[in-house]
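The file target-v4.pdb comes next; it holds PDB, C-alpha atoms.
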```
ATOM      1  CA  MET A   1     252.505 107.104  72.478
ATOM      2  CA  LEU A   2     252.936 109.693  75.246
ATOM      3  CA  GLN A   3     254.662 107.027  77.324
ATOM      4  CA  ASP A   4     257.594 106.910  74.888
ATOM      5  CA  LYS A   5     259.845 109.240  76.875
ATOM      6  CA  LEU A   6     258.544 112.224  74.979
ATOM      7  CA  ASN A   7     258.605 114.202  78.188
ATOM      8  CA  LYS A   8     262.313 114.917  77.762
ATOM      9  CA  ASN A   9     262.733 118.693  77.560
ATOM     10  CA  PRO A  10     263.261 119.628  73.876
ATOM     11  CA  PHE A  11     264.135 123.273  74.570
ATOM     12  CA  THR A  12     267.602 124.684  75.159
ATOM     13  CA  VAL A  13     269.033 127.978  76.388
ATOM     14  CA  PRO A  14     272.058 130.096  75.353
ATOM     15  CA  GLU A  15     275.354 128.955  76.820
ATOM     16  CA  ASN A  16     275.867 129.784  80.521
ATOM     17  CA  TYR A  17     272.422 131.324  80.667
ATOM     18  CA  PHE A  18     271.617 129.974  84.125
ATOM     19  CA  ASP A  19     275.087 130.813  85.457
ATOM     20  CA  ARG A  20     274.726 134.448  84.438
ATOM     21  CA  PHE A  21     271.064 134.846  85.277
ATOM     22  CA  PRO A  22     271.447 135.531  89.067
ATOM     23  CA  MET A  23     273.931 138.310  88.295
ATOM     24  CA  ARG A  24     271.524 139.843  85.775
ATOM     25  CA  MET A  25     268.764 139.622  88.332
ATOM     26  CA  GLN A  26     270.858 141.478  90.910
ATOM     27  CA  GLU A  27     271.291 144.274  88.382
ATOM     28  CA  ARG A  28     267.569 144.237  87.724
ATOM     29  CA  TYR A  29     266.766 144.474  91.478
ATOM     30  CA  ALA A  30     269.114 147.432  91.806
ATOM     31  CA  PHE A  31     267.485 149.112  88.816
ATOM     32  CA  THR A  32     263.980 148.417  90.154
ATOM     33  CA  LYS A  33     264.937 149.814  93.586
ATOM     34  CA  ASN A  34     266.301 153.010  92.012
ATOM     35  CA  ALA A  35     263.248 153.302  89.819
ATOM     36  CA  LYS A  36     261.025 152.889  92.881
ATOM     37  CA  ALA A  37     262.993 155.573  94.732
ATOM     38  CA  GLY A  38     262.458 157.897  91.770
ATOM     39  CA  LEU A  39     258.841 156.856  91.659
ATOM     40  CA  GLY A  40     258.513 157.819  95.337
ATOM     41  CA  ILE A  41     259.246 161.473  94.552
ATOM     42  CA  TRP A  42     257.104 161.283  91.451
ATOM     43  CA  ALA A  43     254.272 159.717  93.430
ATOM     44  CA  THR A  44     254.392 162.681  95.847
ATOM     45  CA  ILE A  45     254.448 165.310  93.123
ATOM     46  CA  ARG A  46     252.000 163.660  90.754
ATOM     47  CA  PRO A  47     248.715 164.500  92.567
ATOM     48  CA  HIS A  48     249.745 168.152  92.881
ATOM     49  CA  LEU A  49     250.744 168.260  89.230
ATOM     50  CA  ALA A  50     247.386 166.791  88.357
ATOM     51  CA  TYR A  51     245.591 169.592  90.240
ATOM     52  CA  VAL A  52     247.763 172.286  88.639
ATOM     53  CA  GLY A  53     247.308 170.717  85.214
ATOM     54  CA  GLY A  54     243.548 170.585  85.717
ATOM     55  CA  PHE A  55     243.429 174.211  86.810
ATOM     56  CA  VAL A  56     245.509 175.336  83.827
ATOM     57  CA  ALA A  57     243.288 173.361  81.465
ATOM     58  CA  LEU A  58     240.159 174.949  82.962
ATOM     59  CA  ALA A  59     241.688 178.418  82.748
ATOM     60  CA  LEU A  60     242.593 177.857  79.089
ATOM     61  CA  LEU A  61     239.095 176.582  78.344
ATOM     62  CA  ALA A  62     237.518 179.573  80.045
ATOM     63  CA  TYR A  63     239.832 181.963  78.203
ATOM     64  CA  GLY A  64     239.027 180.248  74.901
ATOM     65  CA  GLY A  65     235.316 180.415  75.652
ATOM     66  CA  PHE A  66     235.396 184.124  76.467
ATOM     67  CA  SER A  67     237.519 184.861  73.406
ATOM     68  CA  LEU A  68     235.056 183.076  71.133
ATOM     69  CA  ALA A  69     232.055 184.787  72.748
ATOM     70  CA  GLY A  70     233.809 188.154  72.390
ATOM     71  CA  ASP A  71     234.448 187.667  68.658
ATOM     72  CA  SER A  72     230.715 187.751  67.805
ATOM     73  CA  ASN A  73     230.515 191.413  69.044
ATOM     74  CA  ALA A  74     233.837 192.334  67.520
ATOM     75  CA  PRO A  75     232.625 194.905  64.900
ATOM     76  CA  GLU A  76     230.690 196.915  67.473
ATOM     77  CA  LYS A  77     233.553 196.712  69.893
ATOM     78  CA  SER A  78     236.068 197.908  67.355
ATOM     79  CA  ALA A  79     233.851 200.829  66.362
ATOM     80  CA  ILE A  80     233.554 201.845  69.982
ATOM     81  CA  ALA A  81     237.242 201.334  70.426
ATOM     82  CA  ASN A  82     238.001 203.569  67.454
ATOM     83  CA  THR A  83     235.789 206.282  68.854
ATOM     84  CA  LYS A  84     237.506 205.985  72.168
ATOM     85  CA  THR A  85     240.999 206.044  70.776
ATOM     86  CA  ARG A  86     240.379 209.084  68.596
ATOM     87  CA  PRO A  87     238.009 211.309  70.619
ATOM     88  CA  VAL A  88     236.494 214.107  68.558
ATOM     89  CA  SER A  89     234.398 216.790  70.200
ATOM     90  CA  VAL A  90     231.095 217.715  68.582
ATOM     91  CA  GLY A  91     232.194 221.335  68.384
ATOM     92  CA  SER A  92     235.417 220.680  66.554
ATOM     93  CA  PHE A  93     233.623 218.206  64.228
ATOM     94  CA  ILE A  94     231.097 220.920  63.208
ATOM     95  CA  ASN A  95     233.791 223.590  62.915
ATOM     96  CA  ASN A  96     235.948 221.445  60.664
ATOM     97  CA  ASN A  97     233.077 220.518  58.394
ATOM     98  CA  THR A  98     231.601 224.028  58.320
ATOM     99  CA  LYS A  99     234.945 225.493  57.416
ATOM    100  CA  SER A 100     235.454 223.185  54.482
ATOM    101  CA  TYR A 101     231.919 223.796  53.322
ATOM    102  CA  ALA A 102     232.352 227.541  53.632
ATOM    103  CA  GLN A 103     235.469 227.362  51.485
ATOM    104  CA  PHE A 104     233.486 225.430  48.915
ATOM    105  CA  THR A 105     230.592 227.866  48.923
ATOM    106  CA  ASN A 106     232.947 230.838  48.521
ATOM    107  CA  THR A 107     233.911 229.577  45.111
ATOM    108  CA  ASN A 108     230.349 228.493  44.165
ATOM    109  CA  PRO A 109     227.984 231.150  45.496
ATOM    110  CA  LEU A 110     224.888 229.820  43.731
ATOM    111  CA  ILE A 111     225.146 226.563  45.565
ATOM    112  CA  ARG A 112     225.014 228.441  48.805
ATOM    113  CA  ILE A 113     221.472 229.619  48.076
ATOM    114  CA  VAL A 114     220.133 226.494  46.481
ATOM    115  CA  ASP A 115     221.544 224.042  48.922
ATOM    116  CA  ASP A 116     219.343 223.934  51.905
ATOM    117  CA  ASN A 117     221.784 221.918  53.927
ATOM    118  CA  ASP A 118     224.364 224.607  53.402
ATOM    119  CA  ALA A 119     222.112 227.210  54.896
ATOM    120  CA  LYS A 120     221.476 225.073  57.935
ATOM    121  CA  SER A 121     225.120 224.525  58.529
ATOM    122  CA  LYS A 122     225.977 228.197  58.585
ATOM    123  CA  SER A 123     224.961 230.898  60.972
ATOM    124  CA  LYS A 124     222.194 233.275  59.978
ATOM    125  CA  ILE A 125     224.507 236.310  59.937
ATOM    126  CA  ASP A 126     226.938 234.621  57.585
ATOM    127  CA  MET A 127     224.079 233.741  55.289
ATOM    128  CA  ASP A 128     222.739 237.282  55.201
ATOM    129  CA  GLU A 129     226.182 238.615  54.377
ATOM    130  CA  ASP A 130     226.595 236.057  51.642
ATOM    131  CA  ILE A 131     223.276 237.012  50.082
ATOM    132  CA  MET A 132     224.123 240.701  50.224
ATOM    133  CA  ASN A 133     227.524 240.081  48.659
ATOM    134  CA  TYR A 134     226.001 237.957  45.957
ATOM    135  CA  LEU A 135     223.349 240.571  45.109
ATOM    136  CA  ALA A 136     226.017 243.266  45.009
ATOM    137  CA  ALA A 137     228.222 241.209  42.780
ATOM    138  CA  GLU A 138     225.403 240.546  40.390
ATOM    139  CA  ASN A 139     224.117 244.141  40.478
ATOM    140  CA  ILE A 140     220.720 243.072  41.624
ATOM    141  CA  SER A 141     218.871 245.771  43.457
ATOM    142  CA  ALA A 142     216.214 245.411  46.099
ATOM    143  CA  GLU A 143     213.556 246.590  43.552
ATOM    144  CA  ASP A 144     214.573 243.803  41.223
ATOM    145  CA  ILE A 145     214.079 241.374  43.965
ATOM    146  CA  LEU A 146     210.709 242.757  44.849
ATOM    147  CA  GLY A 147     209.826 242.890  41.128
ATOM    148  CA  PHE A 148     210.210 239.144  40.932
ATOM    149  CA  GLU A 149     207.309 238.735  43.231
TER     150      GLU A 149
ATOM    151  CA  MET B   1     275.001 125.932  97.601
ATOM    152  CA  SER B   2     271.443 127.325  97.488
ATOM    153  CA  GLU B   3     270.143 123.760  97.428
ATOM    154  CA  SER B   4     271.606 123.202 100.879
ATOM    155  CA  TYR B   5     269.293 125.786 102.480
ATOM    156  CA  THR B   6     265.680 124.970 103.149
ATOM    157  CA  ASP B   7     262.965 127.421 102.092
ATOM    158  CA  LYS B   8     262.407 128.310 105.755
ATOM    159  CA  GLU B   9     266.069 129.211 106.203
ATOM    160  CA  LEU B  10     266.086 131.246 102.989
ATOM    161  CA  LEU B  11     262.985 133.172 104.064
ATOM    162  CA  ALA B  12     264.447 133.858 107.517
ATOM    163  CA  MET B  13     267.599 135.121 105.821
ATOM    164  CA  PHE B  14     265.563 137.328 103.478
ATOM    165  CA  ARG B  15     263.853 138.988 106.442
ATOM    166  CA  ASN B  16     267.255 140.025 107.774
ATOM    167  CA  GLU B  17     267.793 143.374 106.035
ATOM    168  CA  GLN B  18     271.569 142.914 105.812
ATOM    169  CA  ARG B  19     271.306 139.522 104.127
ATOM    170  CA  LYS B  20     268.303 140.276 101.948
ATOM    171  CA  ASN B  21     270.228 140.485  98.673
ATOM    172  CA  TYR B  22     272.217 137.369  99.391
ATOM    173  CA  ALA B  23     269.086 135.423 100.387
ATOM    174  CA  PHE B  24     267.254 136.383  97.241
ATOM    175  CA  ASN B  25     270.260 135.475  95.166
ATOM    176  CA  LEU B  26     270.106 132.006  96.706
ATOM    177  CA  ILE B  27     266.353 131.769  96.085
ATOM    178  CA  THR B  28     266.954 132.754  92.450
ATOM    179  CA  ARG B  29     269.641 130.111  92.049
ATOM    180  CA  LYS B  30     267.477 127.454  93.672
ATOM    181  CA  TYR B  31     264.347 127.987  91.562
ATOM    182  CA  GLN B  32     265.426 129.754  88.370
ATOM    183  CA  GLU B  33     265.671 126.625  86.198
ATOM    184  CA  ARG B  34     262.339 125.093  87.202
ATOM    185  CA  LEU B  35     260.556 128.406  86.812
ATOM    186  CA  TYR B  36     262.265 129.129  83.512
ATOM    187  CA  TRP B  37     261.284 125.795  81.949
ATOM    188  CA  HIS B  38     257.727 126.128  83.188
ATOM    189  CA  ILE B  39     257.423 129.573  81.579
ATOM    190  CA  ARG B  40     259.307 128.547  78.462
ATOM    191  CA  LYS B  41     256.923 125.691  77.706
ATOM    192  CA  LEU B  42     254.019 128.100  77.861
ATOM    193  CA  VAL B  43     255.466 130.973  75.818
ATOM    194  CA  ILE B  44     257.909 128.915  73.637
ATOM    195  CA  SER B  45     260.305 131.793  72.872
ATOM    196  CA  HIS B  46     263.496 132.016  74.958
ATOM    197  CA  GLU B  47     263.496 135.832  74.926
ATOM    198  CA  ASP B  48     259.939 136.008  76.233
ATOM    199  CA  ALA B  49     260.666 133.349  78.846
ATOM    200  CA  ASP B  50     263.740 135.282  79.985
ATOM    201  CA  ASP B  51     261.738 138.517  80.389
ATOM    202  CA  LEU B  52     258.933 136.743  82.203
ATOM    203  CA  LEU B  53     261.296 134.944  84.561
ATOM    204  CA  GLN B  54     262.824 138.283  85.511
ATOM    205  CA  ASN B  55     259.374 139.809  86.022
ATOM    206  CA  THR B  56     258.360 136.821  88.133
ATOM    207  CA  LEU B  57     261.366 137.187  90.419
ATOM    208  CA  VAL B  58     261.015 140.967  90.699
ATOM    209  CA  LYS B  59     257.385 140.507  91.743
ATOM    210  CA  ALA B  60     258.401 137.801  94.179
ATOM    211  CA  TRP B  61     261.068 140.114  95.654
ATOM    212  CA  SER B  62     258.487 142.874  96.181
ATOM    213  CA  ALA B  63     255.915 140.562  97.745
ATOM    214  CA  LEU B  64     258.160 138.221  99.704
ATOM    215  CA  ASP B  65     257.972 140.337 102.872
ATOM    216  CA  ASP B  66     254.227 139.653 102.945
ATOM    217  CA  PHE B  67     254.590 135.935 102.189
ATOM    218  CA  ARG B  68     253.039 134.139 105.182
ATOM    219  CA  GLU B  69     254.352 130.655 104.485
ATOM    220  CA  GLU B  70     250.807 129.271 104.273
ATOM    221  CA  SER B  71     251.974 127.603 101.079
ATOM    222  CA  GLN B  72     255.414 126.389 100.034
ATOM    223  CA  LEU B  73     257.787 128.966  98.569
ATOM    224  CA  PHE B  74     258.101 126.866  95.444
ATOM    225  CA  THR B  75     254.296 126.697  95.003
ATOM    226  CA  TRP B  76     254.015 130.446  95.488
ATOM    227  CA  LEU B  77     256.761 131.187  92.943
ATOM    228  CA  TYR B  78     255.186 128.783  90.470
ATOM    229  CA  ARG B  79     251.863 130.581  90.819
ATOM    230  CA  ILE B  80     253.450 133.953  90.084
ATOM    231  CA  ALA B  81     255.281 132.510  87.075
ATOM    232  CA  THR B  82     252.102 130.895  85.708
ATOM    233  CA  ASN B  83     250.150 134.126  86.079
ATOM    234  CA  GLU B  84     252.923 136.103  84.386
ATOM    235  CA  ALA B  85     253.034 133.716  81.423
ATOM    236  CA  LEU B  86     249.252 133.535  81.007
ATOM    237  CA  THR B  87     248.865 137.317  81.300
ATOM    238  CA  PHE B  88     251.586 137.715  78.681
ATOM    239  CA  LEU B  89     249.778 135.354  76.295
ATOM    240  CA  ARG B  90     246.439 137.105  76.873
ATOM    241  CA  LYS B  91     247.986 140.487  76.150
ATOM    242  CA  LYS B  92     249.580 139.073  73.039
ATOM    243  CA  ARG B  93     246.206 137.688  71.978
ATOM    244  CA  THR B  94     244.503 141.076  72.303
ATOM    245  CA  ARG B  95     247.264 142.686  70.248
ATOM    246  CA  LEU B  96     246.487 140.407  67.309
ATOM    247  CA  PHE B  97     243.310 141.682  65.716
ATOM    248  CA  LEU B  98     242.966 138.993  63.054
ATOM    249  CA  PRO B  99     241.261 135.928  64.531
ATOM    250  CA  LEU B 100     242.805 133.771  61.794
ATOM    251  CA  VAL B 101     246.305 134.375  63.138
ATOM    252  CA  ASP B 102     245.933 133.247  66.736
ATOM    253  CA  VAL B 103     248.795 133.312  69.182
ATOM    254  CA  GLU B 104     249.056 129.535  69.350
ATOM    255  CA  THR B 105     249.503 129.252  65.571
ATOM    256  CA  GLN B 106     252.126 131.975  65.759
ATOM    257  CA  LEU B 107     253.966 130.117  68.545
ATOM    258  CA  SER B 108     253.660 126.867  66.629
ATOM    259  CA  ASN B 109     255.233 128.492  63.555
ATOM    260  CA  SER B 110     258.007 130.030  65.645
ATOM    261  CA  LEU B 111     259.067 126.527  66.738
ATOM    262  CA  GLU B 112     260.247 125.875  63.174
ATOM    263  CA  SER B 113     262.856 128.615  63.316
ATOM    264  CA  ASP B 114     263.656 128.560  67.038
ATOM    265  CA  PRO B 115     267.447 128.230  67.468
ATOM    266  CA  TYR B 116     266.888 127.013  71.028
ATOM    267  CA  PHE B 117     264.696 124.053  70.135
ATOM    268  CA  ASP B 118     266.620 120.831  70.047
ATOM    269  CA  GLY B 119     263.847 118.249  69.835
ATOM    270  CA  ASN B 120     263.222 115.666  67.159
ATOM    271  CA  GLU B 121     260.224 115.714  64.784
ATOM    272  CA  LEU B 122     258.005 113.825  67.209
ATOM    273  CA  GLN B 123     258.821 116.231  70.030
ATOM    274  CA  LYS B 124     258.108 119.161  67.748
ATOM    275  CA  LYS B 125     254.791 117.591  66.835
ATOM    276  CA  LEU B 126     253.996 117.074  70.510
ATOM    277  CA  GLN B 127     254.686 120.749  71.214
ATOM    278  CA  LYS B 128     252.402 121.748  68.350
ATOM    279  CA  ALA B 129     249.695 119.469  69.698
ATOM    280  CA  ILE B 130     250.038 121.028  73.180
ATOM    281  CA  LEU B 131     249.658 124.477  71.628
ATOM    282  CA  LYS B 132     246.281 123.415  70.271
ATOM    283  CA  LEU B 133     244.936 122.744  73.766
ATOM    284  CA  PRO B 134     242.812 125.226  75.697
ATOM    285  CA  GLU B 135     244.903 127.381  78.062
ATOM    286  CA  LYS B 136     244.005 125.600  81.305
ATOM    287  CA  GLN B 137     244.556 122.106  79.868
ATOM    288  CA  ARG B 138     247.895 123.258  78.480
ATOM    289  CA  VAL B 139     249.103 124.437  81.858
ATOM    290  CA  VAL B 140     247.904 121.280  83.616
ATOM    291  CA  PHE B 141     249.407 119.013  80.966
ATOM    292  CA  ASN B 142     252.809 120.740  81.117
ATOM    293  CA  MET B 143     252.935 120.615  84.893
ATOM    294  CA  LYS B 144     251.953 116.976  85.072
ATOM    295  CA  TYR B 145     253.700 115.544  82.032
ATOM    296  CA  PHE B 146     256.945 117.538  81.883
ATOM    297  CA  ASP B 147     257.407 118.908  85.405
ATOM    298  CA  GLU B 148     256.033 115.717  86.947
ATOM    299  CA  LEU B 149     254.244 117.602  89.691
ATOM    300  CA  LYS B 150     251.690 115.851  91.882
ATOM    301  CA  TYR B 151     248.034 116.772  91.457
ATOM    302  CA  GLU B 152     248.064 118.170  94.993
ATOM    303  CA  GLU B 153     250.930 120.491  94.099
ATOM    304  CA  ILE B 154     249.236 121.610  90.884
ATOM    305  CA  SER B 155     246.059 122.163  92.877
ATOM    306  CA  ALA B 156     247.925 124.406  95.324
ATOM    307  CA  ILE B 157     249.464 126.385  92.458
ATOM    308  CA  LEU B 158     246.364 126.840  90.304
ATOM    309  CA  GLY B 159     243.741 126.807  93.035
ATOM    310  CA  THR B 160     241.769 124.105  91.227
ATOM    311  CA  SER B 161     240.441 120.898  92.783
ATOM    312  CA  VAL B 162     242.355 117.684  92.226
ATOM    313  CA  GLY B 163     239.301 116.100  90.558
ATOM    314  CA  ALA B 164     239.045 118.922  88.025
ATOM    315  CA  LEU B 165     242.777 118.719  87.349
ATOM    316  CA  LYS B 166     242.572 114.976  86.686
ATOM    317  CA  ALA B 167     239.716 115.546  84.251
ATOM    318  CA  SER B 168     241.660 118.338  82.527
ATOM    319  CA  TYR B 169     244.747 116.204  82.184
ATOM    320  CA  HIS B 170     242.729 113.245  80.894
ATOM    321  CA  HIS B 171     241.075 115.382  78.189
ATOM    322  CA  ALA B 172     244.427 116.898  77.254
ATOM    323  CA  VAL B 173     246.064 113.485  76.829
ATOM    324  CA  GLU B 174     243.174 112.266  74.669
ATOM    325  CA  LYS B 175     243.360 115.305  72.388
ATOM    326  CA  ILE B 176     247.128 115.105  72.039
ATOM    327  CA  GLU B 177     247.116 111.379  71.232
ATOM    328  CA  LYS B 178     244.409 111.972  68.652
ATOM    329  CA  PHE B 179     246.460 114.767  67.102
ATOM    330  CA  LEU B 180     249.635 112.672  67.033
ATOM    331  CA  LYS B 181     247.838 109.738  65.387
ATOM    332  CA  GLU B 182     246.225 111.916  62.737
ATOM    333  CA  ASP B 183     249.382 112.614  60.714
TER     334      ASP B 183
END
```

Let me see the structure of the file written as structure tokens.
Amino acid sequence: MLQDKLNKNPFTVPENYFDRFPMRMQERYAFTKNAKAGLGIWATIRPHLAYVGGFVALALLAYGGFSLAGDSNAPEKSAIANTKTRPVSVGSFINNNTKSYAQFTNTNPLIRIVDDNDAKSKSKIDMDEDIMNYLAAENISAEDILGFE
Amino acid sequence: MSESYTDKELLAMFRNEQRKNYAFNLITRKYQERLYWHIRKLVISHEDADDLLQNTLVKAWSALDDFREESQLFTWLYRIATNEALTFLRKKRTRLFLPLVDVETQLSNSLESDPYFDGNELQKKLQKAILKLPEKQRVVFNMKYFDELKYEEISAILGTSVGALKASYHHAVEKIEKFLKED
């Protein structure tokens, strides 16, 4: 059966395909040459770009790693940072708080005696004066005080 | 015109930098049809054959400076074309994930709607039968049956012994005749 001239080529091509093909190939050679010329520059740059790219990637990874590690201590850091950005001396802290407390105790003299913390926060002289003023205001004499005992 | 130059003359011309383009143009004209038909019978589609013929000649252009004339120019070009076509088919095969839709079935189906197929029903059936052959047998059968190459030439192109080629061709013929008789 295969002897029956079946080996005649059954395929065809578009009209003038083989006439035009060499011209198309010339265009393709020119394109390939230009592409190779471009590739020459690219081939020179590419290894350097690879190094730079690798370095940048490592730097980014390191930065990301440090940032993540830093986040776990963030609350402590921010507290320290707040202290550093708003420095308050111990003296001025005590003065401010003592002053406000003194104002409070001026209007509520009984608290001044009862509250132990109040006494600690004020100087001894101030306390003595306060007691004297209070006793005078209440007309309590020294005998009365002694009589309590 | 290109037919009037021998391969030796064309190669000598190609090595002359000023005549390189002209020489390769002549080489293209001399071998384009034989190479095209060889590729076309393997990949069936005209568009694919056209692409692969261009790739074959571009590769030949790049490597021709190193061609040492240990084999004939025609044999060397044929080898490049065969490798291009087979690599193309292998790539196509890996792109198709479903084993049920193999490349050969796809090519066989494409014959039905190919505007550049002018054969009768028997020729179409023969092409379908060839597509059922294993890759190596297909190549050998096409080269021997259609291109009418000698076993020695096929051996030089494929790097296979003449004995093995004869066996391949014999098996291919048997399978095809069986297929043609079946329907």

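Selection check: the PyMOL selection byres ((chain B and resi 23) around 10) on the shown file gives B:Ser2, B:Tyr5, B:Glu9, B:Leu10, B:Leu11, B:Ala12, B:Met13, B:Phe14, B:Arg15, B:Asn16, B:Glu17, B:Gln18, B:Arg19, B:Lys20, B:Asn21, B:Tyr22, B:Phe24, B:Asn25, B:Leu26, B:Ile27, B:Thr28, B:Arg29.
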
Just write the chosen residues, C-alpha atoms, as a PDB file, in the coordinates of the input.
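Dumped to selection21.pdb:
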```pdb
ATOM      1  CA  SER B   2     271.443 127.325  97.488  1.00  0.00           C
ATOM      2  CA  TYR B   5     269.293 125.786 102.480  1.00  0.00           C
ATOM      3  CA  GLU B   9     266.069 129.211 106.203  1.00  0.00           C
ATOM      4  CA  LEU B  10     266.086 131.246 102.989  1.00  0.00           C
ATOM      5  CA  LEU B  11     262.985 133.172 104.064  1.00  0.00           C
ATOM      6  CA  ALA B  12     264.447 133.858 107.517  1.00  0.00           C
ATOM      7  CA  MET B  13     267.599 135.121 105.821  1.00  0.00           C
ATOM      8  CA  PHE B  14     265.563 137.328 103.478  1.00  0.00           C
ATOM      9  CA  ARG B  15     263.853 138.988 106.442  1.00  0.00           C
ATOM     10  CA  ASN B  16     267.255 140.025 107.774  1.00  0.00           C
ATOM     11  CA  GLU B  17     267.793 143.374 106.035  1.00  0.00           C
ATOM     12  CA  GLN B  18     271.569 142.914 105.812  1.00  0.00           C
ATOM     13  CA  ARG B  19     271.306 139.522 104.127  1.00  0.00           C
ATOM     14  CA  LYS B  20     268.303 140.276 101.948  1.00  0.00           C
ATOM     15  CA  ASN B  21     270.228 140.485  98.673  1.00  0.00           C
ATOM     16  CA  TYR B  22     272.217 137.369  99.391  1.00  0.00           C
ATOM     17  CA  PHE B  24     267.254 136.383  97.241  1.00  0.00           C
ATOM     18  CA  ASN B  25     270.260 135.475  95.166  1.00  0.00           C
ATOM     19  CA  LEU B  26     270.106 132.006  96.706  1.00  0.00           C
ATOM     20  CA  ILE B  27     266.353 131.769  96.085  1.00  0.00           C
ATOM     21  CA  THR B  28     266.954 132.754  92.450  1.00  0.00           C
ATOM     22  CA  ARG B  29     269.641 130.111  92.049  1.00  0.00           C
TER      23      ARG B  29
END
```

Would you kindly report the residues of chain A within 9 Å of chain B, using all atoms listed in the file, as a list in words?
-> Met1, Leu2, Leu6, Asn7, Lys8, Asn9, Pro10, Phe11, Thr12, Val13, Pro14, Phe18, Asp19, Phe21, Pro22, Met23, Arg24, Met25, Gln26, Arg28, Tyr29 and Thr32 of chain A

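You will find atom CA of A:Ala35 at 17.6 Å from atom CA of B:Asp51.
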
Long-range neighbours of stretch 69-75 of chain B as a PyMOL selection string, 7 Å cut-off, all atoms listed in the file, 4 positions minimum in chain | chain B and resi 7+79+156-157

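Here atom CA of B:Glu153 and atom CA of B:Ala167 stand 15.7 Å from one another.
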
Write out as JSON an axis-aligned box for stretch 104-107 of chain B: all of its atoms listed in the file, 6 Å added on each side, centre and edge lengths in Å with one decimal.
```
{"center_x": 251.5, "center_y": 130.6, "center_z": 67.5, "size_x": 16.9, "size_y": 14.7, "size_z": 15.8}
```

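Put simply, atom CA of B:Arg93 is 19.8 Å away from atom CA of B:His38.
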
Apply the PyMOL selection byres ((chain B and resi 82) around 12) to the structure shown and report the selected residues as a ChimeraX atom specification.
-> /B:34-43,49,52-53,55-56,75-81,83-89,135-136,138-140,142-143,154,157-159

Using the chain letters and numbering of this document, enumerate as number ranges by chain the residues selected by the PyMOL selection byres ((chain B and resi 164) around 12).
-> B: 136-137, 140, 151-152, 154-155, 158-163, 165-171

With only C-alpha atoms as the atoms that count, which of B:Lys92, B:Thr105, B:Leu149, B:Ser113 lies nearest to B:Lys128?
-> B:Thr105
